[in-house]
>>> print(open('run_37.txt').read())   # compact mmCIF, C-alpha atoms and all ligand atoms
# COMPACT_ATOMS: atom_id res chain seq x y z
CA MET A 119 9.61 250.37 11.57
CA LYS A 120 11.05 253.83 12.16
CA PHE A 121 12.40 255.90 9.25
CA PHE A 122 15.59 257.88 9.77
CA ILE A 123 17.32 259.94 7.08
CA ASP A 124 21.06 259.35 6.67
CA THR A 125 22.41 262.81 5.87
CA ALA A 126 23.67 266.06 7.32
CA ASN A 127 22.01 268.07 4.55
CA LEU A 128 19.47 270.42 6.14
CA ASP A 129 17.35 270.81 2.97
CA GLN A 130 17.02 267.04 2.59
CA ILE A 131 16.17 266.66 6.27
CA LYS A 132 13.44 269.32 5.90
CA GLU A 133 12.09 267.64 2.75
CA ALA A 134 11.84 264.26 4.50
CA LYS A 135 10.28 265.90 7.55
CA ASP A 136 7.67 267.61 5.37
CA LEU A 137 6.60 264.19 4.08
CA GLY A 138 5.46 263.48 7.64
CA ILE A 139 7.22 260.12 7.87
CA LEU A 140 10.53 261.09 9.46
CA ASP A 141 11.42 259.62 12.86
CA GLY A 142 15.04 260.73 13.13
CA VAL A 143 18.41 261.48 11.54
CA THR A 144 21.76 259.73 11.43
CA THR A 145 24.99 261.48 10.52
CA ASN A 146 28.61 260.44 10.44
CA PRO A 147 31.90 262.33 9.99
CA SER A 148 31.88 261.65 6.23
CA LEU A 149 28.35 263.03 5.84
CA MET A 150 29.30 266.15 7.83
CA ALA A 151 32.41 266.64 5.68
CA LYS A 152 30.28 266.22 2.53
CA GLU A 153 28.26 269.27 3.63
CA GLY A 154 31.49 271.21 4.19
CA ILE A 155 31.00 271.32 7.97
CA SER A 156 34.35 271.42 9.78
CA GLY A 157 35.74 272.72 13.07
CA THR A 158 34.28 271.83 16.48
CA ASP A 159 32.04 274.88 16.84
CA ASN A 160 30.57 274.55 13.34
CA ILE A 161 29.97 270.84 13.86
CA LEU A 162 28.21 271.41 17.17
CA ASN A 163 26.13 274.23 15.66
CA HIS A 164 25.16 271.99 12.76
CA TYR A 165 23.91 269.31 15.16
CA ARG A 166 21.90 272.03 16.95
CA ALA A 167 20.38 273.07 13.62
CA ILE A 168 19.39 269.46 12.81
CA CYS A 169 17.83 269.05 16.26
CA GLU A 170 15.79 272.20 15.72
CA ILE A 171 14.25 270.67 12.59
CA VAL A 172 13.66 267.15 13.90
CA ASP A 173 11.97 266.08 17.14
CA GLY A 174 13.11 262.45 16.81
CA ASP A 175 16.49 260.95 17.59
CA VAL A 176 19.55 262.54 15.97
CA SER A 177 22.73 260.44 15.97
CA ALA A 178 25.93 262.48 16.42
CA GLU A 179 29.17 260.54 16.11
CA VAL A 180 32.22 260.85 18.36
CA ILE A 181 35.62 261.20 16.69
CA SER A 182 37.72 260.01 19.64
CA THR A 183 38.72 256.36 19.75
CA ASP A 184 39.77 256.14 23.41
CA PHE A 185 37.36 255.72 26.31
CA ALA A 186 38.06 259.05 28.05
CA GLY A 187 37.86 260.99 24.81
CA MET A 188 34.61 259.32 23.75
CA VAL A 189 33.01 260.00 27.12
CA GLU A 190 34.04 263.66 27.11
CA GLU A 191 32.91 264.17 23.51
CA GLY A 192 29.71 262.20 23.99
CA MET A 193 28.72 264.17 27.08
CA ARG A 194 29.27 267.41 25.14
CA LEU A 195 27.14 266.13 22.26
CA ALA A 196 24.40 264.91 24.59
CA ASP A 197 24.23 268.40 26.15
CA LEU A 198 23.37 269.97 22.78
CA ALA A 199 19.73 268.80 22.71
CA PRO A 200 17.51 266.22 24.42
CA ASN A 201 17.15 264.20 21.20
CA ILE A 202 20.87 263.63 20.59
CA VAL A 203 21.95 259.98 20.43
CA VAL A 204 25.71 259.50 20.85
CA LYS A 205 27.06 257.41 18.01
CA VAL A 206 30.02 255.26 19.04
CA PRO A 207 32.16 252.94 16.89
CA MET A 208 32.23 249.18 17.53
CA ILE A 209 35.67 248.99 19.12
CA LYS A 210 36.80 247.89 22.58
CA ASP A 211 36.76 251.39 24.09
CA GLY A 212 33.51 252.05 22.25
CA ILE A 213 31.84 249.19 24.12
CA LYS A 214 33.17 250.60 27.40
CA ALA A 215 31.85 254.04 26.45
CA ILE A 216 28.41 252.65 25.51
CA ASN A 217 28.28 250.97 28.89
CA TYR A 218 29.20 254.30 30.56
CA PHE A 219 26.56 256.25 28.60
CA THR A 220 23.95 253.57 29.38
CA GLU A 221 24.68 253.93 33.11
CA HIS A 222 24.22 257.70 32.72
CA SER A 223 20.92 257.28 30.78
CA ILE A 224 22.40 258.71 27.57
CA PRO A 225 21.11 256.98 24.43
CA THR A 226 23.69 255.47 22.07
CA ASN A 227 23.99 254.17 18.54
CA CYS A 228 26.71 251.56 18.06
CA THR A 229 28.04 252.04 14.55
CA LEU A 230 30.26 250.15 12.09
CA VAL A 231 28.69 246.78 12.92
CA PHE A 232 29.39 243.92 10.53
CA SER A 233 28.80 240.73 12.55
CA SER A 234 26.36 239.10 14.93
CA GLY A 235 29.09 238.78 17.55
CA GLN A 236 29.52 242.56 17.55
CA ALA A 237 25.73 242.89 17.80
CA ILE A 238 25.66 240.74 20.95
CA LEU A 239 28.43 242.81 22.58
CA ALA A 240 26.69 246.10 21.82
CA ALA A 241 23.40 244.83 23.23
CA LYS A 242 25.15 243.57 26.38
CA ALA A 243 26.65 247.07 26.81
CA GLY A 244 23.13 248.51 26.59
CA ALA A 245 23.25 250.26 23.20
CA THR A 246 19.95 251.92 22.31
CA TYR A 247 20.53 251.36 18.59
CA LEU A 248 22.77 248.99 16.67
CA SER A 249 23.85 249.97 13.14
CA PRO A 250 24.74 247.02 10.90
CA PHE A 251 25.97 248.37 7.54
CA VAL A 252 23.94 246.48 4.95
CA GLY A 253 25.32 248.15 1.80
CA ARG A 254 28.95 247.84 2.80
CA VAL A 255 28.47 244.11 3.51
CA ASP A 256 26.87 243.73 0.06
CA ASP A 257 29.84 245.65 -1.40
CA ILE A 258 32.18 242.79 -0.47
CA ASN A 259 29.74 240.27 -1.97
CA TRP A 260 28.42 239.04 1.37
CA ASP A 261 24.72 239.25 2.27
CA GLY A 262 23.93 242.41 4.24
CA MET A 263 20.28 241.53 4.73
CA ALA A 264 21.18 238.06 6.07
CA LEU A 265 23.11 239.87 8.80
CA ILE A 266 19.99 241.86 9.76
CA ARG A 267 17.93 238.64 9.84
CA GLU A 268 20.46 236.83 12.03
CA ILE A 269 20.75 239.71 14.51
CA ALA A 270 16.95 240.05 14.67
CA GLU A 271 16.68 236.33 15.45
CA ILE A 272 19.35 236.51 18.17
CA TYR A 273 17.85 239.61 19.78
CA ALA A 274 14.38 238.02 19.80
CA ILE A 275 15.67 234.78 21.35
CA GLN A 276 17.72 236.64 23.96
CA GLY A 277 15.17 239.38 24.66
CA PHE A 278 17.66 242.20 24.01
CA ASP A 279 16.09 245.70 23.92
CA THR A 280 18.65 247.19 21.52
CA GLN A 281 16.94 248.40 18.35
CA ILE A 282 18.33 247.19 15.03
CA LEU A 283 18.98 250.21 12.82
CA ALA A 284 19.66 248.99 9.28
CA ALA A 285 22.33 251.38 7.95
CA SER A 286 24.28 251.84 4.74
CA ILE A 287 21.01 251.54 2.86
CA ARG A 288 21.53 252.26 -0.81
CA ASN A 289 18.11 251.89 -2.46
CA SER A 290 14.37 251.44 -1.94
CA LYS A 291 14.55 247.63 -2.18
CA HIS A 292 16.94 247.64 0.76
CA ILE A 293 14.23 249.43 2.79
CA VAL A 294 11.59 246.81 1.96
CA ASP A 295 14.04 243.97 2.62
CA ALA A 296 15.10 245.51 5.95
CA ALA A 297 11.44 245.69 6.99
CA LYS A 298 11.02 241.98 6.12
CA ALA A 299 14.26 241.06 7.89
CA GLY A 300 13.09 242.51 11.20
CA ALA A 301 14.89 245.88 11.38
CA ASP A 302 13.38 248.25 13.95
CA VAL A 303 14.70 251.29 12.12
CA VAL A 304 16.03 251.98 8.66
CA THR A 305 18.30 254.93 7.91
CA CYS A 306 18.50 255.88 4.29
CA PRO A 307 19.28 258.59 1.78
CA LEU A 308 16.35 260.75 0.68
CA SER A 309 16.53 259.16 -2.80
CA ALA A 310 15.77 255.71 -1.35
CA ILE A 311 12.81 257.08 0.63
CA LEU A 312 11.39 258.89 -2.42
CA GLY A 313 12.01 255.80 -4.55
CA LEU A 314 9.37 253.98 -2.49
CA LEU A 315 6.75 256.24 -4.10
CA LYS A 316 7.50 255.08 -7.60
CA HIS A 317 5.45 252.62 -9.61
CA PRO A 318 4.71 252.93 -13.34
CA LEU A 319 1.12 251.73 -12.83
CA THR A 320 0.53 254.53 -10.32
CA ASP A 321 1.71 257.09 -12.90
CA LEU A 322 -0.36 255.50 -15.70
CA GLY A 323 -3.43 255.15 -13.50
CA LEU A 324 -3.26 258.77 -12.36
CA GLU A 325 -2.80 259.98 -15.93
CA GLN A 326 -5.91 258.00 -16.96
CA PHE A 327 -8.02 259.26 -14.02
CA LEU A 328 -7.11 262.87 -14.78
CA ALA A 329 -7.77 262.43 -18.51
CA ASP A 330 -11.19 260.84 -17.86
CA HIS A 331 -12.07 263.60 -15.42
CA ALA A 332 -11.04 266.29 -17.91
CA LYS A 333 -13.12 264.64 -20.69
CA ALA A 334 -16.23 264.39 -18.51
CA ASN A 335 -15.87 267.96 -17.25
CA LYS A 336 -15.26 269.79 -20.56
C1 LIG A 401 24.72 255.17 9.27
O1 LIG A 401 24.62 255.54 10.39
C2 LIG A 401 25.97 255.20 8.51
O2 LIG A 401 26.64 256.35 8.82
C3 LIG A 401 25.68 255.15 7.03
O3 LIG A 401 24.48 254.49 6.80
C4 LIG A 401 26.82 254.61 6.21
O4 LIG A 401 26.38 254.48 4.87
P1 LIG A 401 27.38 254.28 3.64
O5 LIG A 401 27.91 252.90 3.68
O6 LIG A 401 26.51 254.53 2.44
O7 LIG A 401 28.45 255.32 3.81
>>> encode(input="run_37.txt", output="structure tokens")
Amino acid sequence: MKFFIDTANLDQIKEAKDLGILDGVTTNPSLMAKEGISGTDNILNHYRAICEIVDGDVSAEVISTDFAGMVEEGMRLADLAPNIVVKVPMIKDGIKAINYFTEHSIPTNCTLVFSSGQAILAAKAGATYLSPFVGRVDDINWDGMALIREIAEIYAIQGFDTQILAASIRNSKHIVDAAKAGADVVTCPLSAILGLLKHPLTDLGLEQFLADHAKANK
């Protein structure tokens, strides 16, 4: 399973990269706004800066919601760096745009996915990645991880190449559950990645080892 970080924060991207486990980055307009990045030039420059840090895939989302606008914006984003993946919303024109980008060998990430039917459409259009939003499904008291499991089953039966990118991950348990459910990629906040490190027995065990070593080497 690939690990992406879900942020536009350059320090957090560097920290995850330094761990040596980072395969890519996903952003969205809200995450860019959170970092105070606004205006076309600043946004494009920020994507360039992310791509300079990370060799793996970097998802950059289009703002347009019509086919022509998405294509124009997506082509501009794809020109920024070879590792840009054009992130396109799951709407009718989005599916048309994914199909267009697929025909032009431009990788895509179909975002805002909440059902298996949407997952089938995106795969038919040739999406490179599919982003079902686990946390937001949980937020309405449905089962986000069941959605990942169902899509994984359908893709396996049908032999679709589209990679399932579990998104809207909120905590470390979500990461483990996404791995079990068959996600190809998980995109998560840095806190959820670092949370995987934590176990009280690890802390206690290390404390004991260091104390025993200190005693024996007085
Ligand atoms: C991923 O690509 C999405 O942008 C992101 O995971 C959404 O997460 P949220 O539901 O925490 O905003």
>>> closest_residue(input="run_37.txt", among="A:Val304, A:Ile181, A:Met188, A:Cys169", to="Lys135 in chain A", atoms="only C-alpha atoms")
A:Cys169
>>> closest_atom_pairs(input="run_37.txt", of="chain A", to="ligand LIG 401 (chain A)", cutoff="6 Å", atoms="only C-alpha atoms and all ligand atoms", output="Markdown table")
| residue | atom | partner | partner_atom | distance |
| --- | --- | --- | --- | --- |
| A:Asp124 | CA | A:LIG401 | O3 | 5.9 |
| A:Thr144 | CA | A:LIG401 | O1 | 5.2 |
| A:Thr145 | CA | A:LIG401 | O2 | 5.7 |
| A:Asn146 | CA | A:LIG401 | O2 | 4.8 |
| A:Gly253 | CA | A:LIG401 | O5 | 5.7 |
| A:Arg254 | CA | A:LIG401 | O5 | 5.2 |
| A:Ala285 | CA | A:LIG401 | O3 | 4.0 |
| A:Ser286 | CA | A:LIG401 | O3 | 3.4 |
>>> residues_around(input="run_37.txt", residues="Ser182 in chain A", least_positions_apart="3", cutoff="12 Å", atoms="only C-alpha atoms", output="list in words")
Pro147, Glu179, Phe185, Ala186, Gly187, Met188, Val189, Glu190, Glu191, Gly192, Lys205, Val206, Pro207, Ile209, Asp211, Gly212 and Ala215 of chain A
>>> closest_residue(input="run_37.txt", among="A:Leu283, A:Ile216, A:Ala199, A:Ala178", to="Leu248 in chain A", atoms="only C-alpha atoms")
A:Leu283
>>> atom_distance(input="run_37.txt", atom1="CA of Ile224 in chain A", atom2="CA of Leu198 in chain A")
12.3 Å
>>> closest_residue(input="run_37.txt", among="A:Thr320, A:Ser309, A:Asn289, A:Gln326", to="Ala134 in chain A", atoms="only C-alpha atoms")
A:Ser309
>>> closest_residue(input="run_37.txt", among="A:Ala264, A:Val172, A:Tyr165, A:Glu221", to="Asp197 in chain A", atoms="all atoms listed in the file")
A:Tyr165
>>> residues_near_point(input="run_37.txt", point="(18.9, 248.9, 16.4)", cutoff="10 Å", atoms="only C-alpha atoms", output="list in words")
Thr226, Asn227, Cys228, Thr229, Ala237, Ala240, Ala241, Ala245, Thr246, Tyr247, Leu248, Ser249, Pro250, Ile266, Ile269, Ala270, Tyr273, Asp279, Thr280, Gln281, Ile282, Leu283, Ala284, Ala285, Ala301, Asp302, Val303 and Val304 of chain A
>>> closest_residue(input="run_37.txt", among="A:Pro318, A:Gly174, A:Gly154, A:Gly262", to="Ile139 in chain A", atoms="all atoms listed in the file")
A:Gly174
>>> closest_residue(input="run_37.txt", among="A:Ser177, A:Gln276, A:Asn335, A:Ser223", to="Asn201 in chain A", atoms="all atoms listed in the file")
A:Ser177
>>> residues_around(input="run_37.txt", residues="range 312-316 of chain A", least_positions_apart="3", cutoff="12 Å", atoms="only C-alpha atoms", output="ChimeraX atom specification")
/A:123,130,133-134,137,139,288-294,306-309,319-322
